[in-house]
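Data first, discussion second: the structure below is written as structure tokens.
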Amino acid sequence: MRRFLPQHKESAIRNQRESQRILRPIRDEQEIQNISAVLSLSQMYKKPVVLTLYEEFKTRSITGIVARSKHGEFRLDIVEPFSRAVDWEWIGYRDVLKAEFSNEWTEDVMIDS
């Protein structure tokens with residue numbers, strides 16, 4: 001049975017973790033404009049959006065309403081659907097890979113309002 005020295009074990013774990021890192025996808029100008037438009041409409045009309053966010057080791061989805069924005073980031077207000085707990089998170093614009101309107105709301109509903 002092989003045994004590792006603690007520092008070798010830590011190094012192996014670190015190397016394995018690094019190999020799981022994903023590169024940040026490059027978005028084209030049209031994608032950036034679409035994301036910007038969706039985020040702006042969410043803030044303007046207080047309507048929920050679904051975001052796909054980049055993280056170093058995975059992507060994640062989050063649903064909420066854009067509450068505030070400032071240079072390089074925006075605040076997303078989140079309501080957990082089951083517990084109804086309210087939370088918020090600051091998100092960098094560069095981390096948004098995809099933004100779309102929630103199933104609860106579409107541009108047609110906004111236009112009719």
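Labeling convention for the structure tokens: chains A, B, ... as they appear, residues from 1 per chain, ligands from 1 in order of appearance.
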Identify, with DSSP run on backbone atoms, the residues in range 21-110 of chain A assigned to helix (DSSP H, G or I), and express the list as a list of chain:residue names. A:Glu29, A:Gln30, A:Glu31, A:Ile32, A:Gln33, A:Asn34, A:Ile35, A:Ser36, A:Ala37, A:Val38, A:Leu39, A:Ser40, A:Leu41, A:Ser42, A:Gln43, A:Met44, A:Tyr45, A:Tyr93, A:Arg94, A:Asp95, A:Glu107, A:Asp108, A:Val109, A:Met110
Please, could you write that set of residues out with N, CA, C and O atoms as an mmCIF file, in the first residue's frame?
data_model
loop_
_atom_site.group_PDB
_atom_site.id
_atom_site.type_symbol
_atom_site.label_atom_id
_atom_site.label_comp_id
_atom_site.auth_asym_id
_atom_site.auth_seq_id
_atom_site.Cartn_x
_atom_site.Cartn_y
_atom_site.Cartn_z
ATOM 1 N N GLU A 29 -20.247 40.894 -28.986
ATOM 2 C CA GLU A 29 -20.914 42.178 -28.734
ATOM 3 C C GLU A 29 -22.435 42.028 -28.649
ATOM 4 O O GLU A 29 -23.085 42.668 -27.822
ATOM 5 N N GLN A 30 -23.024 41.179 -29.475
ATOM 6 C CA GLN A 30 -24.476 40.977 -29.455
ATOM 7 C C GLN A 30 -24.922 40.362 -28.127
ATOM 8 O O GLN A 30 -25.930 40.775 -27.558
ATOM 9 N N GLU A 31 -24.166 39.396 -27.619
ATOM 10 C CA GLU A 31 -24.506 38.791 -26.332
ATOM 11 C C GLU A 31 -24.438 39.829 -25.211
ATOM 12 O O GLU A 31 -25.306 39.873 -24.343
ATOM 13 N N ILE A 32 -23.403 40.647 -25.240
ATOM 14 C CA ILE A 32 -23.232 41.683 -24.216
ATOM 15 C C ILE A 32 -24.396 42.672 -24.254
ATOM 16 O O ILE A 32 -24.941 43.048 -23.215
ATOM 17 N N GLN A 33 -24.825 43.080 -25.443
ATOM 18 C CA GLN A 33 -25.954 44.003 -25.576
ATOM 19 C C GLN A 33 -27.251 43.364 -25.086
ATOM 20 O O GLN A 33 -28.064 44.025 -24.430
ATOM 21 N N ASN A 34 -27.458 42.077 -25.392
ATOM 22 C CA ASN A 34 -28.659 41.378 -24.941
ATOM 23 C C ASN A 34 -28.686 41.301 -23.410
ATOM 24 O O ASN A 34 -29.717 41.589 -22.788
ATOM 25 N N ILE A 35 -27.566 40.948 -22.815
ATOM 26 C CA ILE A 35 -27.487 40.870 -21.354
ATOM 27 C C ILE A 35 -27.787 42.231 -20.745
ATOM 28 O O ILE A 35 -28.577 42.344 -19.808
ATOM 29 N N SER A 36 -27.191 43.266 -21.288
ATOM 30 C CA SER A 36 -27.394 44.620 -20.783
ATOM 31 C C SER A 36 -28.858 45.033 -20.866
ATOM 32 O O SER A 36 -29.415 45.613 -19.927
ATOM 33 N N ALA A 37 -29.505 44.721 -21.977
ATOM 34 C CA ALA A 37 -30.920 45.071 -22.155
ATOM 35 C C ALA A 37 -31.805 44.339 -21.145
ATOM 36 O O ALA A 37 -32.692 44.948 -20.534
ATOM 37 N N VAL A 38 -31.567 43.060 -20.961
ATOM 38 C CA VAL A 38 -32.375 42.270 -20.016
ATOM 39 C C VAL A 38 -32.203 42.805 -18.598
ATOM 40 O O VAL A 38 -33.176 42.984 -17.865
ATOM 41 N N LEU A 39 -30.963 43.094 -18.205
ATOM 42 C CA LEU A 39 -30.714 43.612 -16.858
ATOM 43 C C LEU A 39 -31.370 44.979 -16.665
ATOM 44 O O LEU A 39 -31.961 45.253 -15.612
ATOM 45 N N SER A 40 -31.295 45.829 -17.669
ATOM 46 C CA SER A 40 -31.915 47.162 -17.586
ATOM 47 C C SER A 40 -33.424 47.063 -17.440
ATOM 48 O O SER A 40 -34.025 47.765 -16.615
ATOM 49 N N LEU A 41 -34.043 46.206 -18.234
ATOM 50 C CA LEU A 41 -35.505 46.047 -18.151
ATOM 51 C C LEU A 41 -35.920 45.465 -16.808
ATOM 52 O O LEU A 41 -36.957 45.843 -16.258
ATOM 53 N N SER A 42 -35.133 44.550 -16.269
ATOM 54 C CA SER A 42 -35.436 43.997 -14.952
ATOM 55 C C SER A 42 -35.430 45.097 -13.902
ATOM 56 O O SER A 42 -36.328 45.166 -13.062
ATOM 57 N N GLN A 43 -34.433 45.964 -13.965
ATOM 58 C CA GLN A 43 -34.349 47.053 -12.986
ATOM 59 C C GLN A 43 -35.477 48.060 -13.190
ATOM 60 O O GLN A 43 -36.109 48.498 -12.228
ATOM 61 N N MET A 44 -35.753 48.400 -14.430
ATOM 62 C CA MET A 44 -36.763 49.407 -14.733
ATOM 63 C C MET A 44 -38.167 48.951 -14.335
ATOM 64 O O MET A 44 -38.933 49.712 -13.753
ATOM 65 N N TYR A 45 -38.512 47.683 -14.633
ATOM 66 C CA TYR A 45 -39.872 47.198 -14.408
ATOM 67 C C TYR A 45 -40.003 46.289 -13.190
ATOM 68 O O TYR A 45 -41.073 45.746 -12.929
ATOM 69 N N TYR A 93 -20.797 42.485 -13.776
ATOM 70 C CA TYR A 93 -21.327 42.324 -15.136
ATOM 71 C C TYR A 93 -20.516 41.301 -15.929
ATOM 72 O O TYR A 93 -21.063 40.541 -16.713
ATOM 73 N N ARG A 94 -19.216 41.270 -15.715
ATOM 74 C CA ARG A 94 -18.353 40.371 -16.491
ATOM 75 C C ARG A 94 -18.617 38.895 -16.171
ATOM 76 O O ARG A 94 -18.230 38.015 -16.924
ATOM 77 N N ASP A 95 -19.299 38.616 -15.030
ATOM 78 C CA ASP A 95 -19.585 37.236 -14.653
ATOM 79 C C ASP A 95 -20.889 36.714 -15.246
ATOM 80 O O ASP A 95 -21.192 35.530 -15.122
ATOM 81 N N GLU A 107 -41.383 40.085 -22.528
ATOM 82 C CA GLU A 107 -41.492 41.466 -23.026
ATOM 83 C C GLU A 107 -42.920 41.776 -23.460
ATOM 84 O O GLU A 107 -43.368 42.907 -23.361
ATOM 85 N N ASP A 108 -43.674 40.772 -23.941
ATOM 86 C CA ASP A 108 -45.060 41.005 -24.346
ATOM 87 C C ASP A 108 -45.894 41.519 -23.180
ATOM 88 O O ASP A 108 -46.723 42.414 -23.329
ATOM 89 N N VAL A 109 -45.674 40.952 -21.995
ATOM 90 C CA VAL A 109 -46.410 41.397 -20.811
ATOM 91 C C VAL A 109 -46.027 42.839 -20.495
ATOM 92 O O VAL A 109 -46.879 43.654 -20.168
ATOM 93 N N MET A 110 -44.722 43.164 -20.627
ATOM 94 C CA MET A 110 -44.268 44.510 -20.334
ATOM 95 C C MET A 110 -44.908 45.505 -21.307
ATOM 96 O O MET A 110 -45.367 46.564 -20.898
#
Just the residues within 8 Å of range 74-89 of chain A, please, counting only C-alpha atoms, with nothing from its chain fewer than 4 positions along; format it as a PyMOL selection string. chain A and resi 63-70+93
Output file for the residues above (N, CA, C and O atoms, as a PDB file, in the first residue's frame):
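Output file part17.pdb follows:
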ATOM      1  N   THR A  63     -32.005  33.362  -9.984  1.00  0.00           N
ATOM      2  CA  THR A  63     -33.161  34.142 -10.416  1.00  0.00           C
ATOM      3  C   THR A  63     -33.398  35.275  -9.430  1.00  0.00           C
ATOM      4  O   THR A  63     -33.328  35.063  -8.219  1.00  0.00           O
ATOM      5  N   GLY A  64     -33.663  36.454  -9.951  1.00  0.00           N
ATOM      6  CA  GLY A  64     -33.937  37.592  -9.083  1.00  0.00           C
ATOM      7  C   GLY A  64     -34.279  38.829  -9.887  1.00  0.00           C
ATOM      8  O   GLY A  64     -34.465  38.767 -11.101  1.00  0.00           O
ATOM      9  N   ILE A  65     -34.342  39.946  -9.185  1.00  0.00           N
ATOM     10  CA  ILE A  65     -34.683  41.226  -9.795  1.00  0.00           C
ATOM     11  C   ILE A  65     -33.502  42.178  -9.583  1.00  0.00           C
ATOM     12  O   ILE A  65     -32.994  42.299  -8.470  1.00  0.00           O
ATOM     13  N   VAL A  66     -33.099  42.839 -10.648  1.00  0.00           N
ATOM     14  CA  VAL A  66     -32.019  43.811 -10.531  1.00  0.00           C
ATOM     15  C   VAL A  66     -32.545  45.015  -9.753  1.00  0.00           C
ATOM     16  O   VAL A  66     -33.512  45.656 -10.158  1.00  0.00           O
ATOM     17  N   ALA A  67     -31.912  45.282  -8.615  1.00  0.00           N
ATOM     18  CA  ALA A  67     -32.378  46.356  -7.739  1.00  0.00           C
ATOM     19  C   ALA A  67     -31.588  47.645  -7.935  1.00  0.00           C
ATOM     20  O   ALA A  67     -32.159  48.737  -7.939  1.00  0.00           O
ATOM     21  N   ARG A  68     -30.278  47.516  -8.068  1.00  0.00           N
ATOM     22  CA  ARG A  68     -29.415  48.684  -8.218  1.00  0.00           C
ATOM     23  C   ARG A  68     -28.249  48.310  -9.108  1.00  0.00           C
ATOM     24  O   ARG A  68     -27.901  47.141  -9.232  1.00  0.00           O
ATOM     25  N   SER A  69     -27.640  49.303  -9.695  1.00  0.00           N
ATOM     26  CA  SER A  69     -26.436  49.043 -10.478  1.00  0.00           C
ATOM     27  C   SER A  69     -25.446  50.172 -10.256  1.00  0.00           C
ATOM     28  O   SER A  69     -25.828  51.299  -9.951  1.00  0.00           O
ATOM     29  N   LYS A  70     -24.185  49.812 -10.357  1.00  0.00           N
ATOM     30  CA  LYS A  70     -23.116  50.809 -10.285  1.00  0.00           C
ATOM     31  C   LYS A  70     -22.003  50.318 -11.188  1.00  0.00           C
ATOM     32  O   LYS A  70     -22.094  49.240 -11.775  1.00  0.00           O
ATOM     33  N   TYR A  93     -20.797  42.485 -13.776  1.00  0.00           N
ATOM     34  CA  TYR A  93     -21.327  42.324 -15.136  1.00  0.00           C
ATOM     35  C   TYR A  93     -20.516  41.301 -15.929  1.00  0.00           C
ATOM     36  O   TYR A  93     -21.063  40.541 -16.713  1.00  0.00           O
TER      37      TYR A  93
END
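CA of Ile91 in chain A lies 15.6 Å from CA of Lys58 in chain A.
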Judged by only C-alpha atoms, the minimum distance to Leu51 in chain A among A:Asp28, A:Glu100, A:Glu73, A:Glu18 is found for A:Glu100
Need the shell around Arg60 in chain A: protein/DNA/RNA residues with any atom at most 10 Å away, counting only C-alpha atoms. Skip same-chain ones fewer than 6 positions apart. Format as a count of residues only? 6
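Between CA of Trp90 in chain A and CA of Glu55 in chain A the interatomic distance comes to 13.9 Å.
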